[in-house]
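Have a look at query-v3.txt; it's compact mmCIF, C-alpha atoms and all ligand atoms:
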# COMPACT_ATOMS: atom_id res chain seq x y z
CA MET I 246 40.84 -27.24 0.56
CA LYS I 247 38.62 -29.68 -1.32
CA ILE I 248 38.62 -33.48 -1.33
CA GLU I 249 37.39 -35.73 -4.09
CA GLU I 250 36.88 -39.40 -3.43
CA ARG I 251 37.18 -42.36 -5.81
CA PHE I 252 36.69 -46.00 -4.87
CA ALA I 253 37.27 -49.04 -7.08
CA ASP I 254 38.40 -52.64 -6.43
CA GLY I 255 39.12 -51.97 -2.77
CA GLU I 256 41.31 -48.99 -3.57
CA LEU I 257 40.31 -45.65 -2.09
CA THR I 258 41.79 -42.58 -3.75
CA LEU I 259 41.44 -39.24 -2.00
CA CYS I 260 42.35 -36.26 -4.18
CA LEU I 261 43.29 -33.18 -2.17
CA ARG I 262 43.11 -29.75 -3.77
CA GLY I 263 44.30 -26.45 -2.34
CA GLU I 264 46.69 -25.41 0.45
CA LEU I 265 47.18 -28.01 3.17
CA ASP I 266 48.00 -26.08 6.33
CA HIS I 267 46.75 -26.39 9.92
CA HIS I 268 43.55 -24.47 9.06
CA ALA I 269 42.73 -26.81 6.17
CA ALA I 270 43.80 -29.95 8.05
CA LYS I 271 41.30 -29.14 10.81
CA LEU I 272 38.53 -28.76 8.25
CA ILE I 273 39.21 -31.97 6.30
CA ALA I 274 40.08 -34.32 9.19
CA HIS I 275 36.51 -35.56 9.57
CA GLU I 276 35.94 -36.03 5.88
CA LEU I 277 39.14 -38.04 5.46
CA GLU I 278 38.39 -40.31 8.42
CA GLY I 279 34.77 -40.70 7.31
CA ALA I 280 35.78 -41.79 3.82
CA VAL I 281 38.19 -44.43 5.14
CA ASP I 282 35.74 -45.75 7.75
CA LYS I 283 32.99 -46.04 5.17
CA ARG I 284 35.04 -47.86 2.51
CA LEU I 285 37.46 -49.84 4.69
CA PRO I 286 39.84 -50.03 1.71
CA SER I 287 42.64 -52.53 1.22
CA ALA I 288 44.66 -49.84 -0.53
CA CYS I 289 44.64 -46.14 0.15
CA VAL I 290 46.00 -43.45 -2.15
CA LEU I 291 46.42 -39.81 -1.18
CA ASP I 292 46.59 -37.86 -4.43
CA PHE I 293 48.51 -34.64 -3.78
CA GLY I 294 48.37 -33.53 -7.43
CA GLY I 295 46.22 -30.54 -6.48
CA VAL I 296 48.11 -29.57 -3.32
CA SER I 297 49.75 -26.24 -4.12
CA PHE I 298 51.23 -25.74 -0.66
CA MET I 299 51.70 -27.78 2.49
CA ASP I 300 53.46 -27.42 5.81
CA SER I 301 54.03 -29.80 8.72
CA SER I 302 50.27 -29.95 9.33
CA GLY I 303 50.13 -32.00 6.14
CA ILE I 304 52.75 -34.34 7.58
CA ALA I 305 50.47 -34.97 10.56
CA VAL I 306 47.64 -35.75 8.14
CA ILE I 307 49.80 -38.31 6.32
CA ILE I 308 51.10 -39.90 9.55
CA LYS I 309 47.54 -40.25 10.81
CA ALA I 310 46.50 -41.87 7.53
CA ARG I 311 49.50 -44.22 7.81
CA ARG I 312 48.37 -45.28 11.28
CA ARG I 313 44.77 -45.82 10.17
CA ALA I 314 45.90 -47.80 7.11
CA ASP I 315 48.04 -50.01 9.35
CA GLU I 316 45.04 -50.71 11.57
CA LEU I 317 43.06 -51.79 8.51
CA GLY I 318 45.99 -53.74 7.07
CA ALA I 319 45.78 -51.47 4.04
CA SER I 320 48.62 -50.06 1.96
CA LEU I 321 49.15 -46.32 1.70
CA ARG I 322 50.71 -44.29 -1.10
CA VAL I 323 51.06 -40.56 -1.51
CA VAL I 324 51.15 -39.69 -5.22
CA GLY I 325 51.37 -36.65 -7.50
CA VAL I 326 53.49 -34.74 -5.00
CA GLY I 327 54.53 -31.33 -6.36
CA ARG I 328 57.79 -29.55 -5.73
CA GLN I 329 56.98 -27.53 -2.61
CA PRO I 330 55.24 -30.40 -0.76
CA GLU I 331 58.10 -32.67 -1.77
CA ARG I 332 60.67 -30.35 -0.17
CA VAL I 333 58.63 -30.40 3.05
CA LEU I 334 58.26 -34.18 3.04
CA THR I 335 61.97 -34.60 2.35
CA ALA I 336 62.97 -32.18 5.12
CA ALA I 337 60.82 -34.21 7.52
CA GLY I 338 62.24 -37.54 6.29
CA LEU I 339 58.76 -38.86 5.63
CA GLY I 340 59.90 -41.11 2.80
CA ARG I 341 60.94 -43.64 5.46
CA LEU I 342 57.32 -43.96 6.66
CA VAL I 343 55.22 -43.72 3.53
CA SER I 344 55.65 -44.41 -0.16
CA ILE I 345 55.91 -41.04 -1.89
CA GLU I 346 55.67 -40.51 -5.64
CA THR I 347 56.41 -37.09 -7.09
CA ALA I 348 54.29 -35.50 -9.81
CA SER I 349 56.99 -36.00 -12.46
CA GLU I 350 57.28 -39.76 -11.86
CA MET E 362 73.56 -3.63 8.77
CA LYS E 363 71.03 -0.99 7.76
CA GLU E 364 67.77 -2.40 6.47
CA THR E 365 66.56 -1.78 2.93
CA ASN E 366 62.88 -2.18 3.75
CA SER E 367 60.63 -3.50 6.50
CA ILE E 368 57.06 -4.42 7.31
CA ARG E 369 55.08 -5.03 10.50
CA LEU E 370 51.88 -6.96 10.54
CA GLU E 371 49.72 -7.64 13.57
CA PHE E 372 46.86 -10.12 13.43
CA GLN E 373 44.67 -12.33 15.59
CA SER E 374 45.57 -15.97 16.26
CA ARG E 375 42.83 -17.39 14.05
CA SER E 376 43.83 -20.32 11.86
CA ILE E 377 42.40 -18.63 8.77
CA ASN E 378 45.19 -16.05 9.15
CA GLU E 379 47.91 -18.66 8.52
CA GLY E 380 47.45 -18.29 4.78
CA PHE E 381 47.30 -14.52 5.05
CA ALA E 382 50.56 -14.30 7.03
CA ARG E 383 52.62 -16.55 4.75
CA ALA E 384 51.27 -14.82 1.63
CA ALA E 385 52.19 -11.40 3.05
CA ALA E 386 55.70 -12.62 3.91
CA ALA E 387 56.06 -14.08 0.41
CA VAL E 388 55.01 -10.83 -1.29
CA PHE E 389 57.56 -8.94 0.82
CA ALA E 390 60.30 -11.50 0.08
CA ALA E 391 59.50 -11.30 -3.64
CA GLN E 392 61.10 -7.82 -3.62
CA LEU E 393 64.46 -9.60 -3.31
CA ASP E 394 63.82 -11.46 -6.58
CA PRO E 395 64.08 -14.99 -5.13
CA THR E 396 63.74 -18.25 -7.03
CA LEU E 397 60.46 -20.10 -6.62
CA ASP E 398 62.14 -22.57 -4.24
CA GLU E 399 63.56 -19.75 -2.11
CA LEU E 400 60.18 -18.07 -1.98
CA ASN E 401 58.42 -21.31 -1.01
CA ASP E 402 61.02 -22.04 1.68
CA ILE E 403 60.32 -18.67 3.31
CA LYS E 404 56.57 -19.14 2.95
CA THR E 405 56.75 -22.58 4.57
CA ALA E 406 58.91 -21.38 7.47
CA VAL E 407 56.51 -18.49 8.17
CA SER E 408 53.56 -20.85 8.03
CA GLU E 409 55.23 -23.05 10.66
CA ALA E 410 56.09 -20.21 13.02
CA VAL E 411 52.65 -18.59 12.76
CA THR E 412 50.83 -21.92 13.16
CA ASN E 413 52.80 -22.52 16.36
CA CYS E 414 51.49 -19.25 17.81
CA ILE E 415 47.94 -20.21 16.93
CA VAL E 416 48.12 -23.82 18.13
CA HIS E 417 50.55 -23.69 21.03
CA ALA E 418 50.86 -20.12 22.30
CA TYR E 419 47.12 -19.46 22.52
CA PRO E 420 45.54 -22.95 22.76
CA ASP E 421 42.17 -21.81 24.10
CA SER E 422 42.02 -18.13 23.39
CA ILE E 423 42.56 -15.61 20.62
CA GLY E 424 45.74 -13.62 21.09
CA LYS E 425 47.94 -11.21 19.20
CA ILE E 426 50.62 -12.27 16.70
CA LEU E 427 53.23 -9.92 15.28
CA LEU E 428 55.02 -10.66 12.01
CA ARG E 429 57.96 -8.46 11.13
CA ALA E 430 60.11 -8.77 8.04
CA ARG E 431 63.23 -6.83 7.11
CA SER E 432 65.36 -6.93 4.00
CA PHE E 433 69.03 -5.99 3.83
CA PRO E 434 71.40 -4.73 1.10
CA ASN E 435 73.21 -8.10 0.98
CA ASN E 436 69.93 -9.57 -0.34
CA SER E 437 69.02 -11.31 2.89
CA ILE E 438 65.79 -11.30 4.77
CA GLU E 439 64.98 -11.49 8.48
CA ILE E 440 61.59 -12.64 9.67
CA ILE E 441 60.38 -12.31 13.24
CA VAL E 442 57.22 -14.01 14.50
CA ARG E 443 56.20 -13.06 18.01
CA ASP E 444 53.41 -14.00 20.40
CA TRP E 445 52.55 -13.17 24.00
CA GLY E 446 51.19 -16.61 24.86
CA ARG E 447 52.18 -19.62 26.93
CA GLY E 448 55.86 -19.72 26.11
CA ILE E 449 58.12 -22.75 25.73
CA PRO E 450 59.51 -24.22 28.98
CA ASP E 451 62.38 -26.09 27.27
CA VAL E 452 63.43 -24.65 23.91
CA ASP E 453 66.09 -27.29 23.18
CA ARG E 454 63.53 -30.02 23.65
CA ALA E 455 60.95 -28.18 21.49
CA ARG E 456 63.47 -28.06 18.63
CA GLU E 457 63.93 -31.83 18.59
CA PRO E 458 62.40 -33.54 15.55
CA MET E 459 59.05 -35.16 16.41
CA PHE E 460 58.76 -33.49 19.79
CA THR E 461 55.22 -32.16 20.14
CA THR E 462 52.79 -31.28 22.88
CA GLY E 463 50.03 -31.12 20.28
CA GLY E 464 48.91 -34.75 20.10
CA ASP E 465 48.26 -36.50 16.80
CA GLU E 466 47.08 -33.32 15.06
CA ARG E 467 50.72 -32.20 15.06
CA SER E 468 53.86 -33.86 13.71
CA GLY E 469 56.50 -32.18 15.84
CA MET E 470 58.40 -31.28 12.66
CA GLY E 471 57.74 -27.51 12.60
CA PHE E 472 61.08 -26.32 13.99
CA THR E 473 62.93 -28.97 11.98
CA ILE E 474 61.38 -27.58 8.79
CA MET E 475 62.10 -23.96 9.78
CA GLU E 476 65.73 -24.93 10.45
CA SER E 477 66.13 -26.80 7.20
CA PHE E 478 64.55 -24.04 5.07
CA MET E 479 66.15 -21.00 6.70
CA ASP E 480 69.84 -20.17 7.28
CA SER E 481 69.26 -19.58 10.99
CA VAL E 482 66.41 -19.92 13.48
CA LYS E 483 66.64 -18.26 16.90
CA ILE E 484 64.02 -18.91 19.58
CA ARG E 485 63.53 -16.70 22.63
CA SER E 486 60.82 -17.76 25.01
CA ALA E 487 59.65 -17.38 28.57
CA PRO E 488 56.80 -19.35 30.16
CA GLU E 489 53.58 -17.29 30.31
CA ARG E 490 55.36 -14.35 28.63
CA GLY E 491 55.51 -15.49 25.04
CA THR E 492 57.84 -16.55 22.26
CA THR E 493 59.86 -14.78 19.58
CA VAL E 494 61.20 -16.72 16.61
CA THR E 495 63.79 -14.92 14.47
CA MET E 496 64.71 -16.47 11.14
CA ARG E 497 67.21 -15.34 8.52
CA ARG E 498 67.66 -16.37 4.95
CA SER E 499 69.89 -15.03 2.21
CA ILE E 500 68.54 -14.90 -1.32
CA SER E 501 70.80 -15.66 -4.27
CA ILE E 502 71.53 -12.70 -6.52
CA ARG E 503 69.87 -13.19 -9.91
CA ALA E 504 72.90 -12.19 -12.04
CA ALA E 505 75.09 -14.72 -10.24
CA ARG E 506 72.67 -17.56 -11.01
CA LYS E 507 72.47 -19.96 -13.98
N1 LIG I 601 54.87 -20.13 19.85
C1 LIG I 601 54.86 -21.18 20.72
N2 LIG I 601 54.32 -21.06 21.95
C2 LIG I 601 54.31 -22.10 22.82
N3 LIG I 601 54.86 -23.32 22.54
C3 LIG I 601 55.42 -23.51 21.33
C4 LIG I 601 55.45 -22.46 20.35
N4 LIG I 601 56.08 -22.94 19.25
C5 LIG I 601 56.42 -24.21 19.53
N5 LIG I 601 56.02 -24.57 20.77
C6 LIG I 601 56.26 -25.88 21.42
O1 LIG I 601 57.26 -26.57 20.68
C7 LIG I 601 56.77 -27.83 20.21
C8 LIG I 601 57.40 -28.18 18.88
O2 LIG I 601 56.97 -27.29 17.86
P1 LIG I 601 57.02 -27.79 16.34
O3 LIG I 601 58.38 -28.29 16.03
O4 LIG I 601 56.50 -26.68 15.48
O5 LIG I 601 56.02 -29.04 16.30
P2 LIG I 601 54.43 -29.09 16.40
O6 LIG I 601 53.88 -27.72 16.13
O7 LIG I 601 54.02 -30.06 15.35
O8 LIG I 601 54.10 -29.57 17.78
C9 LIG I 601 55.27 -27.68 20.21
O9 LIG I 601 54.60 -28.91 20.31
C10 LIG I 601 55.03 -26.79 21.43
O10 LIG I 601 55.09 -27.53 22.61
MG MG I 602 54.53 -26.49 14.67

Full structure transcribed into C-alpha cells:
Amino acid sequence: MKIEERFADGELTLCLRGELDHHAAKLIAHELEGAVDKRLPSACVLDFGGVSFMDSSGIAVIIKARRRADELGASLRVVGVGRQPERVLTAAGLGRLVSIETASE
Amino acid sequence: MKETNSIRLEFQSRSINEGFARAAAAVFAAQLDPTLDELNDIKTAVSEAVTNCIVHAYPDSIGKILLRARSFPNNSIEIIVRDWGRGIPDVDRAREPMFTTGGDERSGMGFTIMESFMDSVKIRSAPERGTTVTMRRSISIRAARK
C-alpha cells in the first residue's frame, strides 16, 4: 500500500493505493499520523480512489482518522470509494460517523 | 451433501499471508462462476477470519492457520478458518458489533462483516485450544441471472 500526500489551503489529501488490510494498516499507520501531525490541517480528505480492497482494518484506520480530526477541529471526508470498500463501509454502518463519497459521485 | 471440490491450505500467522489466504479462497470460489460482488464478499469474509487468527489467536507468537474450502453441487461454498490459539471466552460477546479486545487498531466489526457477507457464520471456540469459524455462501447460478 502506497500513500501520496497533497496539501493546499489547509486541506490535507491523503491518497491511498493498494489493498487496505491489517498488514497494510500496520505499515501505513505511522505515515498517516506523521502527515497529519506535520500539517495540522483544517480539512482532511482520505482519497480511496486507489484502494482496490479493504476489510475492517480499513474501518479502524478511518475511525482513528476521525478521532484525530476531531481533536484538531478538522473536517474529514472519505472520497473516491470503490464498490468493494463501499460494501464494507456500508455493512459496518460507517456512513453515520464519516462523510463517504463513492467513486461514481 | 457430497462435495464437488475441496482445498486445504496451511500457513503461518504472519500478516503478509492475509492477502495470500483471501486470494487463494477467491481463486477457488471463482470455479463456481460468481459475480464480482459475490467473489469480493467471500474474499472480505476470509480476510476477516484470517486476520482474527493473526491478531487475536496468536498475539505474540507465530502459529498455524488452516484454511479449508469446499464447493457443493448446489453451487454453494463452505469456508473453514481454524487456529490453535487463545480461543474466545465469550463467543456471543465477540460477535457483537464494535466489540474488540484489540484496542484502537481494530474496529470490532470483523464478525459483523462476515455475517453480513456470508449466508451463515458458525464459531466454535475453547479458551487456550483455538477457534474454528465455518462460513457458508451460496452463489447464484449464471443462467438464472440477468
Ligand atoms: N481467532 C480468534 N482467536 C481469539 N479471539 C478472537 C478470534 N477471532 C475473534 N476473536 C475475538 O473476538 C473479538 C471480535 O472480533 P472481530 O469482530 O473480528 O473484531 P476485531 O478483530 O476488530 O477485534 C476480537 O476482538 C477478539 O477478542
Ligand atoms: Mg477482526

request  = Output as a ChimeraX atom specification the set of chain E residues within 12 Å of chain I, with distances taken over only C-alpha atoms.
outcome  = /E:374-381,383-384,397-416,457-459,461,463-479

key: Selection: 8 Å around I:Gly263, only C-alpha atoms, excl. self and same-chain fewer than 2 positions, as a PyMOL selection string   = chain I and resi 246-247+261+265+295-298

Write a file of the just-selected residues containing C-alpha atoms, as a PDB file, keeping the file's coordinate frame.
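For reference, part19.pdb as written:
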ATOM      1  CA  MET I 246      40.840 -27.240   0.560  1.00  0.00           C
ATOM      2  CA  LYS I 247      38.620 -29.680  -1.320  1.00  0.00           C
ATOM      3  CA  LEU I 261      43.290 -33.180  -2.170  1.00  0.00           C
ATOM      4  CA  LEU I 265      47.180 -28.010   3.170  1.00  0.00           C
ATOM      5  CA  GLY I 295      46.220 -30.540  -6.480  1.00  0.00           C
ATOM      6  CA  VAL I 296      48.110 -29.570  -3.320  1.00  0.00           C
ATOM      7  CA  SER I 297      49.750 -26.240  -4.120  1.00  0.00           C
ATOM      8  CA  PHE I 298      51.230 -25.740  -0.660  1.00  0.00           C
TER       9      PHE I 298
END

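Computed from the coordinates, the atom CA of E:Gln392 to atom CA of E:Ile500 distance equals 10.5 Å.
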
Kindly compute an axis-aligned box around the listed atoms of stretch 279-283 of chain I, allowing 3 Å on each side, and express its centre and edge lengths in Å to one decimal as lines of an AutoDock Vina configuration file.
center_x = 35.6
center_y = -43.4
center_z = 5.8
size_x = 11.2
size_y = 11.3
size_z = 9.9

key: Point-to-point distance from atom O10 of ligand LIG 601 (chain I) to atom CA of E:Ala455, Å rounded to tenths   = 6.0 Å

key: Straight-line distance linking atom CA of I:Glu256 with atom CA of I:Val326, stated in Å to one decimal   = 18.8 Å

request  = Would you list the contacts of E:Ile441 as a PyMOL selection string, taking every protein, DNA or RNA residue within 12 Å and counting all atoms listed in the file, but skipping same-chain residues closer than 2 positions in sequence?
outcome  = chain E and resi 367-371+382+386+403+406-407+410-411+426-432+438-439+443-444+481-485+492-498

query = Of the residues E:Met362, E:Ala385, E:Val452, E:Ile423, which is the one nearest to ligand LIG 601 (chain I), using all atoms listed in the file?
reply =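 Distance minimum relative to ligand LIG 601 (chain I) lands on E:Val452.
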
inquiry  = The residues within 9 Å of (57.8, -41.0, -1.2), using only C-alpha atoms and the coordinates of the file, should be reported as number ranges by chain; which are they?
reply    = I: 322-324, 326, 331, 334-335, 339-347
